[in-house]
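protein-v4.txt (compact mmCIF, C-alpha atoms) appears below.
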```txt
# COMPACT_ATOMS: atom_id res chain seq x y z
CA MET A 1 29.15 -12.93 -2.53
CA SER A 2 27.06 -12.48 0.62
CA LEU A 3 24.75 -9.55 1.18
CA ARG A 4 27.14 -8.19 3.82
CA ASP A 5 30.07 -8.38 1.39
CA ARG A 6 28.01 -6.66 -1.27
CA GLY A 7 27.15 -4.01 1.30
CA ARG A 8 30.87 -3.46 1.98
CA ALA A 9 31.67 -3.17 -1.73
CA PHE A 10 28.68 -0.94 -2.41
CA VAL A 11 29.24 1.47 0.47
CA VAL A 12 33.03 1.74 0.32
CA GLY A 13 33.65 1.72 -3.42
CA VAL A 14 30.64 2.13 -5.65
CA LEU A 15 28.53 4.88 -4.09
CA VAL A 16 31.11 7.66 -4.29
CA GLY A 17 31.20 7.53 -8.08
CA ALA A 18 27.87 5.95 -8.98
CA GLY A 19 25.92 9.13 -9.64
CA CYS A 20 23.65 8.86 -6.61
CA CYS A 21 21.69 12.00 -5.90
CA CYS A 22 23.50 12.27 -2.57
CA ASP A 23 27.13 11.79 -3.69
CA TRP A 24 28.20 14.85 -1.75
CA TYR A 25 26.84 13.33 1.42
CA ALA A 26 28.59 10.03 0.74
CA ARG A 27 31.94 11.72 0.22
CA ARG A 28 31.58 13.73 3.40
CA ARG A 29 30.84 10.57 5.40
CA ALA A 30 33.33 8.20 3.70
CA GLY A 31 36.22 9.04 6.01
CA ARG A 32 34.04 8.70 9.07
CA ARG A 33 32.80 5.25 7.98
CA ARG A 34 36.35 4.05 7.33
CA SER A 35 37.47 5.13 10.79
CA VAL A 36 34.51 3.35 12.38
CA ARG A 37 35.31 0.12 10.53
CA GLU A 38 38.96 0.28 11.43
CA ALA A 39 38.16 0.88 15.10
CA SER A 40 35.52 -1.85 15.38
CA GLY A 41 36.88 -4.43 12.97
CA SER A 42 33.38 -4.87 11.47
CA VAL A 43 31.42 -3.59 8.50
CA MET A 44 28.58 -1.13 9.14
CA ILE A 45 26.13 0.34 6.68
CA GLY A 46 24.57 2.88 9.03
CA LEU A 47 21.46 0.86 9.77
CA ASP A 48 20.39 -0.29 13.22
CA VAL A 49 17.90 -3.17 13.34
CA GLY A 50 14.56 -1.85 14.56
CA SER A 51 15.55 1.77 13.97
CA GLY A 52 13.69 4.46 12.11
CA ASP A 53 16.07 3.89 9.20
CA ARG A 54 14.83 0.34 8.83
CA LEU A 55 11.20 1.45 9.03
CA ALA A 56 11.78 4.18 6.43
CA LEU A 57 13.39 1.78 3.96
CA GLY A 58 10.76 -0.89 4.58
CA VAL A 59 7.92 1.54 3.98
CA LEU A 60 9.48 2.87 0.77
CA ALA A 61 10.07 -0.66 -0.51
CA GLN A 62 6.50 -1.65 0.31
CA TYR A 63 4.75 1.57 -0.78
CA ARG A 64 6.95 1.89 -3.92
CA MET A 65 7.52 5.64 -3.49
CA ALA A 66 6.57 8.65 -1.36
CA THR A 67 7.30 12.34 -1.14
CA THR A 68 9.47 13.53 1.73
CA GLU A 69 6.40 14.90 3.49
CA GLN A 70 4.48 11.64 3.01
CA ILE A 71 7.25 9.44 4.38
CA HIS A 72 7.54 11.81 7.35
CA ARG A 73 3.81 11.52 8.08
CA VAL A 74 4.00 7.74 7.82
CA ILE A 75 7.02 7.04 10.04
CA ALA A 76 7.75 10.10 12.20
CA HIS A 77 4.71 12.36 12.42
CA SER A 78 5.47 13.37 16.03
CA VAL A 79 8.90 14.94 15.33
CA ARG A 80 10.18 17.72 13.12
CA ILE A 81 10.46 16.97 9.40
CA GLU A 82 14.16 17.89 9.46
CA GLN A 83 14.82 14.63 11.30
CA THR A 84 13.17 12.68 8.48
CA ARG A 85 15.16 14.60 5.86
CA ARG A 86 18.41 13.67 7.64
CA ARG A 87 17.30 10.05 7.83
CA LEU A 88 16.54 9.95 4.11
CA ALA A 89 19.87 11.61 3.33
CA ARG A 90 21.62 8.84 5.30
CA LEU A 91 19.78 6.14 3.39
CA CYS A 92 20.60 7.90 0.13
CA ALA A 93 24.29 8.04 1.07
CA GLU A 94 24.23 4.32 1.81
CA GLY A 95 22.85 3.58 -1.64
CA LEU A 96 19.51 2.35 -0.29
CA VAL A 97 17.25 5.22 -1.40
CA ASP A 98 17.24 7.53 -4.42
CA ARG A 99 15.03 10.43 -5.49
CA ILE A 100 13.62 12.27 -8.46
CA THR A 101 12.24 15.80 -8.67
CA LEU A 102 8.86 16.48 -10.26
CA PRO A 103 9.11 19.91 -11.92
CA GLN A 104 5.39 20.03 -12.66
CA ALA A 105 4.52 19.65 -8.96
CA GLY A 106 6.43 22.52 -7.39
CA ARG A 107 9.70 20.58 -7.66
CA THR A 108 8.40 17.95 -5.28
CA ARG A 109 11.01 15.35 -4.35
CA VAL A 110 9.89 11.75 -4.64
CA ARG A 111 11.85 9.12 -2.73
CA PHE A 112 12.08 5.48 -3.80
CA PRO A 113 14.29 2.50 -2.90
CA THR A 114 17.25 1.52 -5.05
CA SER A 115 17.61 -2.06 -6.28
CA TYR A 116 20.05 -2.63 -3.41
CA GLY A 117 17.51 -1.21 -0.95
CA VAL A 118 14.77 -3.48 -2.33
CA GLN A 119 17.10 -6.50 -2.12
CA LEU A 120 17.97 -5.72 1.47
CA ALA A 121 14.39 -5.06 2.58
CA SER A 122 13.06 -8.18 0.83
CA GLU A 123 15.16 -10.37 3.14
CA TRP A 124 13.63 -8.99 6.33
CA PRO A 125 11.09 -11.26 8.07
CA GLU A 126 8.35 -8.62 7.97
CA MET A 127 8.66 -8.37 4.17
CA ARG A 128 8.50 -12.07 3.40
CA GLY A 129 5.63 -12.96 1.11
CA HIS A 130 5.37 -9.42 -0.30
CA ARG A 131 5.74 -8.98 -4.03
CA LEU A 132 8.06 -5.99 -4.29
CA SER A 133 7.90 -4.21 -7.63
CA ARG A 134 10.75 -4.90 -10.05
CA THR A 135 10.49 -1.44 -11.58
CA VAL A 136 10.27 0.47 -8.31
CA SER A 137 14.00 1.33 -8.51
CA ASP A 138 13.96 2.68 -12.06
CA PRO A 139 13.78 6.52 -12.11
CA THR A 140 11.87 6.60 -15.40
CA ALA A 141 9.27 4.13 -14.14
CA VAL A 142 8.97 6.09 -10.90
CA ARG A 143 8.38 9.33 -12.82
CA LEU A 144 5.71 7.78 -15.05
CA LYS A 145 3.90 6.11 -12.15
CA ALA A 146 4.26 8.94 -9.66
CA GLY A 147 0.81 10.45 -10.15
CA HIS A 148 -1.09 7.27 -9.35
CA THR A 149 1.28 5.80 -6.77
CA LEU A 150 1.57 9.01 -4.74
CA THR A 151 -2.24 9.21 -4.67
CA VAL A 152 -2.34 5.64 -3.37
CA THR A 153 0.19 6.62 -0.69
CA GLU A 154 -1.95 9.63 0.25
CA THR A 155 -4.92 7.28 0.59
CA ALA A 156 -2.85 5.08 2.89
CA LEU A 157 -2.11 8.15 5.01
CA ALA A 158 -5.83 8.88 5.30
CA PHE A 159 -6.30 5.48 6.97
CA LEU A 160 -3.12 5.64 9.07
CA GLU A 161 -3.86 9.11 10.41
CA GLY A 162 -7.55 8.33 10.92
CA ALA A 163 -6.63 5.28 13.00
CA ARG A 164 -4.25 7.34 15.14
CA ARG A 165 -6.96 9.87 15.90
CA ARG A 166 -9.50 7.19 16.83
CA GLY A 167 -7.16 4.95 18.80
CA ASP A 168 -7.59 2.14 16.27
CA VAL A 169 -4.69 -0.01 15.07
CA CYS A 170 -3.41 0.52 11.55
CA GLU A 171 0.37 0.61 11.23
CA PRO A 172 2.46 1.36 8.11
CA PRO A 173 2.99 -2.36 7.30
CA ASP A 174 -0.80 -2.88 7.35
CA TRP A 175 -1.09 -1.20 3.93
CA ILE A 176 0.14 -3.68 1.32
CA PRO A 177 0.07 -2.55 -2.32
CA GLU A 178 -0.65 -4.78 -5.30
CA VAL A 179 -1.39 -8.16 -3.74
CA HIS A 180 -1.86 -10.76 -6.48
CA HIS A 181 -5.11 -12.82 -6.43
CA PRO A 182 -5.59 -15.34 -9.28
CA ILE A 183 -9.06 -15.78 -10.77
CA GLY A 184 -8.29 -18.45 -13.37
CA SER A 185 -7.38 -18.49 -17.07
CA GLY A 186 -4.12 -16.73 -16.27
CA GLU A 187 -5.95 -13.65 -15.00
CA ALA A 188 -5.70 -12.02 -11.60
CA VAL A 189 -7.19 -9.29 -9.44
CA ILE A 190 -4.51 -6.93 -8.13
CA PRO A 191 -5.99 -4.19 -5.92
CA ASP A 192 -4.10 -0.97 -5.42
CA ALA A 193 -3.77 -2.02 -1.80
CA LEU A 194 -4.85 -4.58 0.77
CA LEU A 195 -5.66 -2.91 4.09
CA TYR A 196 -5.59 -4.48 7.55
CA TYR A 197 -7.35 -2.42 10.21
CA ARG A 198 -8.29 -3.23 13.81
CA ARG A 199 -11.01 -1.23 15.51
CA SER A 200 -10.54 -0.13 19.09
CA PRO A 201 -12.46 -2.01 21.82
CA ALA A 202 -14.33 1.24 22.48
CA ASP A 203 -16.47 0.43 19.44
CA GLY A 204 -18.17 -2.27 21.50
CA ASP A 205 -16.99 -5.27 19.50
CA ASN A 206 -13.74 -6.11 21.33
CA GLY A 207 -11.65 -4.64 18.55
CA SER A 208 -12.70 -6.48 15.40
CA MET A 209 -10.22 -6.94 12.57
CA LEU A 210 -11.28 -5.45 9.24
CA ARG A 211 -9.76 -6.08 5.84
CA ALA A 212 -10.37 -4.18 2.65
CA PHE A 213 -9.36 -4.15 -0.96
CA VAL A 214 -8.75 -0.53 -1.91
CA GLU A 215 -9.03 0.71 -5.49
CA VAL A 216 -7.83 4.27 -6.11
CA ASP A 217 -9.35 5.82 -9.23
CA ARG A 218 -7.87 9.05 -10.61
CA ALA A 219 -10.35 9.33 -13.48
CA THR A 220 -7.72 8.15 -15.96
CA MET A 221 -10.01 5.42 -17.31
CA GLY A 222 -13.59 5.56 -18.49
CA PRO A 223 -16.44 4.95 -16.01
CA GLU A 224 -17.29 1.66 -17.72
CA ARG A 225 -13.78 0.31 -17.17
CA LEU A 226 -13.97 1.33 -13.54
CA ALA A 227 -17.28 -0.48 -13.14
CA ALA A 228 -15.82 -3.58 -14.83
CA LYS A 229 -13.63 -4.05 -11.77
CA LEU A 230 -16.74 -5.18 -9.91
CA THR A 231 -16.99 -8.13 -12.28
CA ALA A 232 -13.38 -9.08 -11.59
CA TYR A 233 -13.92 -9.01 -7.83
CA GLU A 234 -17.11 -11.04 -8.20
CA ARG A 235 -15.06 -13.65 -10.08
CA LEU A 236 -12.51 -13.67 -7.28
CA HIS A 237 -15.30 -14.17 -4.76
CA ARG A 238 -16.45 -17.40 -6.45
CA TYR A 239 -13.18 -18.64 -7.96
CA VAL A 240 -12.33 -22.22 -6.99
CA PRO A 241 -8.97 -23.42 -8.33
CA LEU A 242 -8.83 -26.79 -10.03
CA VAL A 243 -6.32 -29.22 -8.57
CA PRO A 244 -5.13 -31.75 -11.19
CA GLY A 245 -5.88 -35.31 -10.16
CA ARG A 246 -8.09 -34.35 -7.22
CA ARG A 247 -11.88 -34.34 -7.06
CA PRO A 248 -13.82 -32.58 -4.31
CA THR A 249 -15.38 -34.88 -1.70
CA LEU A 250 -17.69 -34.39 1.26
CA GLN A 251 -14.67 -34.66 3.52
CA GLU A 252 -12.56 -32.29 1.40
CA PRO A 253 -14.90 -30.03 -0.56
CA ALA A 254 -13.58 -27.49 -3.02
CA VAL A 255 -13.21 -24.05 -1.49
CA GLU A 256 -12.77 -20.61 -2.98
CA GLU A 257 -9.18 -19.46 -3.33
CA TRP A 258 -9.68 -16.36 -1.17
CA ARG A 259 -10.60 -18.51 1.84
CA ARG A 260 -6.99 -19.71 2.00
CA ARG A 261 -6.00 -16.15 2.97
CA TYR A 262 -8.94 -14.49 4.68
CA PRO A 263 -11.63 -15.64 7.14
CA LEU A 264 -14.03 -13.21 5.42
CA PHE A 265 -13.84 -11.70 1.97
CA PRO A 266 -12.38 -8.19 2.38
CA ARG A 267 -14.75 -5.31 1.80
CA LEU A 268 -14.17 -3.35 -1.40
CA LEU A 269 -13.48 0.39 -1.20
CA PHE A 270 -13.29 2.69 -4.24
CA VAL A 271 -11.49 5.98 -3.54
CA LEU A 272 -12.19 8.55 -6.24
CA ASP A 273 -9.86 11.41 -7.16
CA GLY A 274 -8.84 13.51 -10.15
CA THR A 275 -12.29 14.87 -10.93
CA GLY A 276 -14.86 17.31 -9.57
CA PRO A 277 -18.25 16.62 -7.96
CA ALA A 278 -19.95 15.97 -11.31
CA GLY A 279 -17.24 13.48 -12.29
CA VAL A 280 -17.56 11.73 -8.92
CA GLU A 281 -21.32 11.35 -9.41
CA ASN A 282 -20.76 10.00 -12.92
CA ARG A 283 -18.35 7.37 -11.68
CA ILE A 284 -20.53 6.34 -8.76
CA SER A 285 -23.45 5.98 -11.19
CA ALA A 286 -21.26 3.72 -13.34
CA LEU A 287 -20.43 1.60 -10.31
CA ARG A 288 -24.12 1.33 -9.46
CA ALA A 289 -24.89 0.22 -13.02
CA GLY A 290 -22.04 -2.31 -12.86
CA ALA A 291 -23.42 -3.70 -9.62
CA GLY A 292 -26.82 -4.10 -11.26
CA LEU A 293 -25.28 -6.21 -14.03
CA LEU A 294 -24.02 -8.75 -11.50
CA GLY A 295 -27.58 -9.90 -10.90
CA PRO A 296 -28.33 -12.03 -7.84
CA ALA A 297 -24.69 -12.95 -7.22
CA ARG A 298 -23.76 -13.62 -3.58
CA PHE A 299 -20.88 -11.20 -3.91
CA LEU A 300 -23.02 -8.12 -3.31
CA HIS A 301 -24.90 -9.94 -0.55
CA ASP A 302 -21.73 -10.85 1.33
CA VAL A 303 -19.33 -7.99 0.59
CA PRO A 304 -19.73 -4.27 1.37
CA VAL A 305 -18.79 -2.28 -1.75
CA LEU A 306 -18.38 1.42 -0.98
CA ALA A 307 -17.11 4.53 -2.77
CA ALA A 308 -15.96 7.94 -1.54
CA PRO A 309 -14.07 10.94 -2.94
CA LEU A 310 -10.53 11.22 -1.59
CA ALA A 311 -11.13 14.93 -0.95
CA ASP A 312 -13.95 14.07 1.48
CA LEU A 313 -11.79 11.52 3.30
CA LEU A 314 -8.98 14.03 3.73
CA HIS A 315 -11.36 16.76 4.87
CA HIS A 316 -13.63 14.73 7.18
CA SER A 317 -11.39 11.73 8.09
CA ILE A 318 -11.90 8.17 6.90
CA SER A 319 -14.05 7.44 9.97
CA ALA A 320 -16.73 9.93 8.89
CA PRO A 321 -19.93 8.69 7.20
CA ALA A 322 -18.65 9.73 3.78
CA TRP A 323 -18.85 6.33 2.08
CA ARG A 324 -21.60 5.52 -0.40
CA PRO A 325 -22.78 1.95 -1.03
CA VAL A 326 -22.67 1.34 -4.77
CA GLN A 327 -26.09 -0.34 -4.66
CA ASP A 328 -27.67 2.64 -2.89
CA PRO A 329 -25.42 5.68 -3.36
CA ASP A 330 -27.91 8.02 -1.70
CA GLN A 331 -26.81 6.58 1.65
CA ARG A 332 -23.78 7.85 3.59
CA VAL A 333 -22.21 5.25 5.87
CA HIS A 334 -19.08 4.50 7.88
CA TRP A 335 -16.77 2.12 6.07
CA THR A 336 -16.29 0.11 9.28
CA GLU A 337 -19.95 -0.58 10.01
CA SER A 338 -21.81 -3.77 9.29
CA TRP A 339 -23.26 -3.94 5.83
CA PRO A 340 -27.09 -3.83 5.60
CA ARG A 341 -27.25 -6.91 3.39
CA PRO A 342 -30.38 -7.45 1.32
CA THR A 343 -32.54 -10.45 2.05
```

Show me, as C-alpha cells, the structure contained in the file I just sent.
Amino acid sequence: MSLRDRGRAFVVGVLVGAGCCCDWYARRRAGRRRSVREASGSVMIGLDVGSGDRLALGVLAQYRMATTEQIHRVIAHSVRIEQTRRRLARLCAEGLVDRITLPQAGRTRVRFPTSYGVQLASEWPEMRGHRLSRTVSDPTAVRLKAGHTLTVTETALAFLEGARRRGDVCEPPDWIPEVHHPIGSGEAVIPDALLYYRRSPADGDNGSMLRAFVEVDRATMGPERLAAKLTAYERLHRYVPLVPGRRPTLQEPAVEEWRRRYPLFPRLLFVLDGTGPAGVENRISALRAGAGLLGPARFLHDVPVLAAPLADLLHHSISAPAWRPVQDPDQRVHWTESWPRPT
C-alpha cells in the first residue's frame, strides 16, 4: 500500500477511534474532510508542501520532542502562540503528532511525532540521511527521556535565537541530534547534536561556516564519566577505518573517517545544566583533568573544546564570552572565535 493510501486509511478510518489525544478535534473535522475529498476527487491530509505544518512536523521528527512553547519559538516566534497551538492540533488530528503531559513540570505538554509522522517526514528530501529515533513515537520512552531531550531542545533554541539577534544563519534544520560517528571496534561517538552555523559577513570573515559537536550535561553522570567523553572524541579525531583488501598508498593515503564529512573537525561544546555554580566548577575541573590525560595529542591542538553553563547562555546569549576553554578555564571566550592553539 502506498504512503498516500495509508494516509487515506489512517485519516478517514483509524484516527477517530485510535485513542489519539485529539480525537475530539478529528471528529469535528471528519465531515469537513469528507466533503473536501468528494468535491475535489483527491485525498488530502491537511498538509501543504512548504507550509508551517511541514516545518513543525519536520522539526519534531528531527528534534525528537518539544514543549508547545519550544516548538513555537523554533518555527513561529514572530506570531502569537495560539497560531502554533492550532497548527499542532491539526497535526494531532491528522495522526502525525501526539502529546504527553508532565505532571511534575506544571502539567507541561510535550509534543512528539507519531510513527506515521516519522514515516512521512523521513521521506522528505531535507530529512534524507538523518537517523530518526525509533522510540521517538513511544509515549513511555518520551516521558523517560523528556528531561534530557527538552534540555537539548532548549540548547538548540539558545543558538537559533542568538543567531537571529546577530543576523547570523542558523535555521531549525541546522541542529541535528544524535549523528552517529564510528570510532572502530563497534563503538561510536554520538553527540547530543551536530550544529551548523554561519557567521554574518559583518564579522569580517565573509560569513564563515562553523560546525560544532554539542554535548549537553545535566549532571546525571559523574564528572569522570563526563571527562571520558574527551577520550572518545580524541579517538574520533584520529580514527582511520580499515578497508579490507586495500592498503594505503602515496596516491591514495588513508584518511580519518571524519574528513569524509567535514572540511575541519567540528569544535566541541559542553553545555552544563542541572547543577549550581559549585557543581559547574567541579565538572569543568574534571574536563580540564581529562584534557590533561590526553597528553600531546593533536586533538587539543586542532579542536577548540569549550564549556559553559546553560543558564549563562540563556541569560547572556550564546554570542557572549561565556565559554571556558577546558585547558584554561580561567579564560572567557566567544565560541565562534579562533582557538588560541598552543605551539

TODO: Kindly indicate which residue among A:Leu314, A:Leu55, A:Leu287, A:Ile183 lies nearest to Asp217 in chain A, using only C-alpha atoms for the distances.
DONE: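 Nearest candidate to Asp217 in chain A out of A:Leu314, A:Leu55, A:Leu287, A:Ile183: A:Leu287.
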
Open item on the list: One number please: CA of Ala311 in chain A to CA of Arg288 in chain A, in Å, one decimal.
Closed with: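 Between these atoms lies a distance of 20.6 Å.
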
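Of the residues listed (A:Val136, A:Val216, A:Ala286, A:Ala146), A:Val136 shows the shortest atom-to-atom separation from Arg64 in chain A; distances use all atoms listed in the file.
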
Task: CA of Val74 in chain A to CA of Arg87 in chain A, straight-line distance in Å - done: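 CA of Arg87 in chain A sits 13.5 Å away from CA of Val74 in chain A.
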
- [ ] May I ask which of the residues A:Val280, A:Met65, A:Ile318, A:Ile71 is the closest one to Ile100 in chain A, counting all atoms listed in the file?
- [x]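 Of A:Val280, A:Met65, A:Ile318, A:Ile71, the one nearest Ile100 in chain A, counting all atoms listed in the file, is A:Met65.
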
Task: Point (11.5, 19.5, 7.0), cut-off 9 Å, counting all atoms listed in the file, residues as JSON, numbers by chain - done: {"A": [68, 69, 72, 80, 81, 82, 83, 84, 85]}

Using only C-alpha atoms, collect all residues at a distance of at most 12 Å from (-10.5, 8.5, 19.5) as written in the file, then present them as an mmCIF file with C-alpha atoms, in the frame of the given file.
```cif
data_model
loop_
_atom_site.group_PDB
_atom_site.id
_atom_site.type_symbol
_atom_site.label_atom_id
_atom_site.label_comp_id
_atom_site.auth_asym_id
_atom_site.auth_seq_id
_atom_site.Cartn_x
_atom_site.Cartn_y
_atom_site.Cartn_z
ATOM 1 C CA GLU A 161 -3.860 9.110 10.410
ATOM 2 C CA GLY A 162 -7.550 8.330 10.920
ATOM 3 C CA ALA A 163 -6.630 5.280 13.000
ATOM 4 C CA ARG A 164 -4.250 7.340 15.140
ATOM 5 C CA ARG A 165 -6.960 9.870 15.900
ATOM 6 C CA ARG A 166 -9.500 7.190 16.830
ATOM 7 C CA GLY A 167 -7.160 4.950 18.800
ATOM 8 C CA ASP A 168 -7.590 2.140 16.270
ATOM 9 C CA VAL A 169 -4.690 -0.010 15.070
ATOM 10 C CA ARG A 199 -11.010 -1.230 15.510
ATOM 11 C CA SER A 200 -10.540 -0.130 19.090
ATOM 12 C CA PRO A 201 -12.460 -2.010 21.820
ATOM 13 C CA ALA A 202 -14.330 1.240 22.480
ATOM 14 C CA ASP A 203 -16.470 0.430 19.440
ATOM 15 C CA SER A 317 -11.390 11.730 8.090
ATOM 16 C CA SER A 319 -14.050 7.440 9.970
#
```

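With all atoms listed in the file as the atoms that count, the minimum distance from Gly279 in chain A to the choices A:Ser51, A:Gln62, A:Thr336, A:Thr220 is reached by A:Thr220.
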
Open item on the list: Between CA of Gly292 in chain A and CA of Gln327 in chain A, what distance in Å does the model show, to one decimal?
Closed with: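 Interatomic distance, CA of Gly292 in chain A to CA of Gln327 in chain A: 7.6 Å.
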